Amino acid sequence: MTNGQDNKQQDSNGRQKPLWLSLLTQSLLPLHYLYAGYRKGARLLARAMPKGLFARSLIIIVAPMVILQSVLAFVFMERHWQTVTDRLSTAVTQDIAAIIAILESYPQDKDYSQVIRIAQDRLHLNISVLPDGPLPPPGPKPFFNLLDHALSRHITAQIGKPFWIDTVGRSNIVEIRIKLDKKVLRVFARRSQAYASNSHIFLVWMAGTSLVLLVVAILFLRNQIRPIQRLAQAAERFGKGQEETGFRPAGAREVRQAAHAFLEMKRRIERQIEQRTIMLAGVSHDLRTILTRFKLQLAILDQGPETAEMQRDVDEMQMMLEDYLAFARGTSSEKAELIDIPFLLEELKFDIQRSGHDLQIEHVGGKTIEVRPQTIKRCLHNLLSNATRYADSVQLTSERLGNWWLILIDDNGPGIPEEELESVFRPFYRLDTARNQNTPNTGLGLAIARDIARAHGGDLKLSRSPQGGLRASLRLPA
């Protein structure tokens, strides 16, 4: 029995599948390849398309206009221009055929003056009868010349005699020579008699109106997109902590709604930050009051090993409290200012050297940048303190180029394992295996530094340093 084998086929796993399913799968393969080609073409088109909203909107307006104008021009050229030229050429050919009939049917005077006068007065054709001889050699045939093709076709169909025509060039006169019995008829006709020469006016009007519509569309689009650009700039400056004072909702209704929603969100965030700052200020005041009491009580007690240990605990508690409050307070309470980069770096170098450590600083590029000065100084101080705590040599390289400020801090310390480079940014995370030297550490220094960097629209990353220790890469937008 082979019916089961004929009606079933094996799939890739060795299981039997019905024959109809196999046939359906094979029939759908062309559709699959067609869809895959469509997806690939769509991806290529998406990469080639401009990314800006103004350019894309302009394409949406210009593309249909160009397609419509192209179709209209093609229809006009194909139907109107060609038809009018064909009929005009037919009329000129009929006039020439009538003249030939007169020349061949009726006796003429010696110089053919009568028929020449009739052709000029009635048919507006300038003719002459030449002695018998060969026609000039054929010239080049223009490929897109409607007049040449139309005249050649009608002379062949209506007259049926050897002929030579000259329609090439910008001359307003068309020359036609037709070989007759023992003579040659030469005809000069105006180009406008056989050719629709004024049809280009339609194309000029079409192109002119399209240009006017395009200019109006560009002006309209610029006015509609400018509020969106201002909204994006205001949101970007707010994300960097920079104040945007001149922003007001404008533009279309939807853009105004988005702008009002952004302003309302901005007010809520600022109100929440203000409430959190007030709460933290109260907590800080209460805890500092208690720590001050502890210090006063320790100062009253007799100095000894026990009081020294308690004093160290109180100092460590105060340091931890300051770190906690700095981390919880964030960076939004300070306004952005234009600072001098070399001056800020010199202040940091002085602070590090005053604590008994050496710091090498190198800066290239621009000298100014708009940031929150105290928060950036706290960020860099945290990174430098972390480096000087575990290393003997620390180098800071600053580069201000284009729209970015890049700061690299390299040390020759023990470094951090590669799998821990992201974990150390978690709040309260302490790395006790690589850089532990029994120093007080709350585990918030790197978390605060990255929080400050990202609040400015930048980022902070750690990697292996060329000096063998740790490299901190701080990148801030200008």
# chains A, B, ... in the order shown; residues from 1 in each chain; ligands from 1
call {"tool": "residues_around", "arguments": {"residues": "Ala194 (chain A)", "least_positions_apart": "2", "cutoff": "9 Å", "atoms": "only C-alpha atoms", "output": "JSON, numbers by chain"}}
result
{"A": [84, 85, 86, 87, 88, 89, 90, 91, 92, 93, 147, 150, 151, 174, 189, 190, 191, 192, 196, 197]}
call {"tool": "residues_around", "arguments": {"residues": "region 392-405 of chain A", "least_positions_apart": "2", "cutoff": "7 Å", "atoms": "only C-alpha atoms", "output": "ChimeraX atom specification"}}
result
/A:358-366,387-388,407-412,475-478
call {"tool": "write_last_selection", "arguments": {"atoms": "N, CA, C and O atoms", "output": "PDB file, in the first residue's frame"}}
result
ATOM      1  N   ASP A 358      48.717  64.259  45.425  1.00  0.00           N
ATOM      2  CA  ASP A 358      49.180  64.920  44.217  1.00  0.00           C
ATOM      3  C   ASP A 358      48.181  64.664  43.082  1.00  0.00           C
ATOM      4  O   ASP A 358      47.627  63.566  42.972  1.00  0.00           O
ATOM      5  N   LEU A 359      47.971  65.681  42.244  1.00  0.00           N
ATOM      6  CA  LEU A 359      47.027  65.577  41.131  1.00  0.00           C
ATOM      7  C   LEU A 359      47.604  66.286  39.923  1.00  0.00           C
ATOM      8  O   LEU A 359      48.012  67.444  40.012  1.00  0.00           O
ATOM      9  N   GLN A 360      47.634  65.578  38.789  1.00  0.00           N
ATOM     10  CA  GLN A 360      48.078  66.158  37.531  1.00  0.00           C
ATOM     11  C   GLN A 360      46.843  66.468  36.665  1.00  0.00           C
ATOM     12  O   GLN A 360      45.972  65.623  36.493  1.00  0.00           O
ATOM     13  N   ILE A 361      46.794  67.685  36.136  1.00  0.00           N
ATOM     14  CA  ILE A 361      45.632  68.148  35.366  1.00  0.00           C
ATOM     15  C   ILE A 361      46.099  68.628  34.001  1.00  0.00           C
ATOM     16  O   ILE A 361      47.103  69.333  33.878  1.00  0.00           O
ATOM     17  N   GLU A 362      45.327  68.235  32.961  1.00  0.00           N
ATOM     18  CA  GLU A 362      45.580  68.683  31.592  1.00  0.00           C
ATOM     19  C   GLU A 362      44.239  68.983  30.930  1.00  0.00           C
ATOM     20  O   GLU A 362      43.319  68.165  30.985  1.00  0.00           O
ATOM     21  N   HIS A 363      44.141  70.171  30.325  1.00  0.00           N
ATOM     22  CA  HIS A 363      42.890  70.583  29.674  1.00  0.00           C
ATOM     23  C   HIS A 363      43.185  71.095  28.277  1.00  0.00           C
ATOM     24  O   HIS A 363      44.133  71.857  28.063  1.00  0.00           O
ATOM     25  N   VAL A 364      42.317  70.688  27.299  1.00  0.00           N
ATOM     26  CA  VAL A 364      42.407  71.174  25.923  1.00  0.00           C
ATOM     27  C   VAL A 364      41.003  71.540  25.457  1.00  0.00           C
ATOM     28  O   VAL A 364      40.008  71.043  25.976  1.00  0.00           O
ATOM     29  N   GLY A 365      40.939  72.415  24.466  1.00  0.00           N
ATOM     30  CA  GLY A 365      39.641  72.783  23.896  1.00  0.00           C
ATOM     31  C   GLY A 365      39.073  74.041  24.514  1.00  0.00           C
ATOM     32  O   GLY A 365      39.795  74.905  25.037  1.00  0.00           O
ATOM     33  N   GLY A 366      37.747  74.176  24.449  1.00  0.00           N
ATOM     34  CA  GLY A 366      37.059  75.366  24.943  1.00  0.00           C
ATOM     35  C   GLY A 366      37.251  75.592  26.422  1.00  0.00           C
ATOM     36  O   GLY A 366      37.588  74.690  27.190  1.00  0.00           O
ATOM     37  N   ALA A 387      39.728  58.199  43.937  1.00  0.00           N
ATOM     38  CA  ALA A 387      40.985  57.801  43.302  1.00  0.00           C
ATOM     39  C   ALA A 387      42.171  57.989  44.235  1.00  0.00           C
ATOM     40  O   ALA A 387      43.034  57.104  44.352  1.00  0.00           O
ATOM     41  N   THR A 388      42.250  59.136  44.929  1.00  0.00           N
ATOM     42  CA  THR A 388      43.391  59.399  45.808  1.00  0.00           C
ATOM     43  C   THR A 388      43.367  58.519  47.061  1.00  0.00           C
ATOM     44  O   THR A 388      44.394  58.332  47.701  1.00  0.00           O
ATOM     45  N   ILE A 407      35.818  64.325  30.667  1.00  0.00           N
ATOM     46  CA  ILE A 407      36.799  64.317  31.755  1.00  0.00           C
ATOM     47  C   ILE A 407      37.197  62.870  32.032  1.00  0.00           C
ATOM     48  O   ILE A 407      36.333  62.018  32.272  1.00  0.00           O
ATOM     49  N   LEU A 408      38.493  62.599  31.977  1.00  0.00           N
ATOM     50  CA  LEU A 408      39.041  61.272  32.271  1.00  0.00           C
ATOM     51  C   LEU A 408      39.893  61.363  33.521  1.00  0.00           C
ATOM     52  O   LEU A 408      40.809  62.197  33.602  1.00  0.00           O
ATOM     53  N   ILE A 409      39.622  60.511  34.519  1.00  0.00           N
ATOM     54  CA  ILE A 409      40.383  60.458  35.762  1.00  0.00           C
ATOM     55  C   ILE A 409      41.005  59.070  35.856  1.00  0.00           C
ATOM     56  O   ILE A 409      40.291  58.067  35.973  1.00  0.00           O
ATOM     57  N   ASP A 410      42.327  59.009  35.768  1.00  0.00           N
ATOM     58  CA  ASP A 410      43.074  57.745  35.782  1.00  0.00           C
ATOM     59  C   ASP A 410      43.908  57.656  37.047  1.00  0.00           C
ATOM     60  O   ASP A 410      44.484  58.669  37.506  1.00  0.00           O
ATOM     61  N   ASP A 411      43.986  56.452  37.623  1.00  0.00           N
ATOM     62  CA  ASP A 411      44.839  56.215  38.787  1.00  0.00           C
ATOM     63  C   ASP A 411      45.587  54.899  38.605  1.00  0.00           C
ATOM     64  O   ASP A 411      45.281  54.115  37.706  1.00  0.00           O
ATOM     65  N   ASN A 412      46.566  54.670  39.469  1.00  0.00           N
ATOM     66  CA  ASN A 412      47.363  53.445  39.421  1.00  0.00           C
ATOM     67  C   ASN A 412      47.069  52.529  40.600  1.00  0.00           C
ATOM     68  O   ASN A 412      47.941  51.764  41.029  1.00  0.00           O
ATOM     69  N   ARG A 475      31.216  62.314  30.921  1.00  0.00           N
ATOM     70  CA  ARG A 475      30.858  62.945  29.661  1.00  0.00           C
ATOM     71  C   ARG A 475      29.629  63.819  29.882  1.00  0.00           C
ATOM     72  O   ARG A 475      28.579  63.328  30.291  1.00  0.00           O
ATOM     73  N   LEU A 476      29.777  65.133  29.614  1.00  0.00           N
ATOM     74  CA  LEU A 476      28.696  66.090  29.862  1.00  0.00           C
ATOM     75  C   LEU A 476      28.399  66.869  28.584  1.00  0.00           C
ATOM     76  O   LEU A 476      29.331  67.279  27.873  1.00  0.00           O
ATOM     77  N   PRO A 477      27.116  67.096  28.268  1.00  0.00           N
ATOM     78  CA  PRO A 477      26.789  67.911  27.086  1.00  0.00           C
ATOM     79  C   PRO A 477      27.017  69.381  27.371  1.00  0.00           C
ATOM     80  O   PRO A 477      26.815  69.868  28.487  1.00  0.00           O
ATOM     81  N   ALA A 478      27.460  70.077  26.319  1.00  0.00           N
ATOM     82  CA  ALA A 478      27.728  71.504  26.482  1.00  0.00           C
ATOM     83  C   ALA A 478      26.450  72.313  26.293  1.00  0.00           C
ATOM     84  O   ALA A 478      25.600  71.941  25.519  1.00  0.00           O
TER      85      ALA A 478
END
call {"tool": "select_by_dssp", "arguments": {"residues": "region 82-238 of chain A", "states": "strand (DSSP E or B)", "output": "NGL selection string"}}
result
:A and (126-131 or 163-166 or 173-180 or 183-190)
call {"tool": "residues_around", "arguments": {"residues": "region 237-254 of chain A", "least_positions_apart": "6", "cutoff": "12 Å", "atoms": "only C-alpha atoms", "output": "VMD selection string"}}
result
chain A and resid 220 to 231 260 to 267 269 to 270 330 to 338 369 to 373 375 to 376 451 to 459 476 to 478
call {"tool": "closest_residue", "arguments": {"among": "A:Phe188, A:Tyr38, A:Phe54, A:Phe425", "to": "Leu460 (chain A)", "atoms": "only C-alpha atoms"}}
result
A:Phe425
call {"tool": "residues_around", "arguments": {"residues": "Leu348 (chain A)", "least_positions_apart": "3", "cutoff": "10 Å", "atoms": "only C-alpha atoms", "output": "list in words"}}
result
Pro342, Phe343, Leu344, Leu345, Asp351, Ile352, Gln353, Arg354, Leu359, Ile361, Lys377, Arg378, Leu380, His381 and Leu384 of chain A
call {"tool": "select_by_dssp", "arguments": {"residues": "region 276-475 of chain A", "states": "alpha helix (DSSP H)", "output": "PyMOL selection string"}}
result
chain A and resi 276-300+305-329+341-354+373-390+445-455
call {"tool": "residues_around", "arguments": {"residues": "Ser57 (chain A)", "least_positions_apart": "4", "cutoff": "12 Å", "atoms": "only C-alpha atoms", "output": "NGL selection string"}}
result
:A and (49-53 or 61-64 or 214 or 217-218 or 220-222 or 224-225)
call {"tool": "residues_around", "arguments": {"residues": "Met206 (chain A)", "least_positions_apart": "6", "cutoff": "12 Å", "atoms": "only C-alpha atoms", "output": "list in words"}}
result
Met65, Val66, Leu68, Gln69, Ser70, Val71, Leu72, Ala73, Phe76, Ser199, His200, Val212 and Leu213 of chain A
call {"tool": "residues_around", "arguments": {"residues": "region 286-294 of chain A", "least_positions_apart": "6", "cutoff": "9 Å", "atoms": "only C-alpha atoms", "output": "list in words"}}
result
Gln311, Val314, Asp315, Met317, Gln318 and Leu321 of chain A
call {"tool": "closest_residue", "arguments": {"among": "A:Pro138, A:Ile448, A:Leu280, A:Gln108", "to": "Cys379 (chain A)", "atoms": "only C-alpha atoms"}}
result
A:Ile448
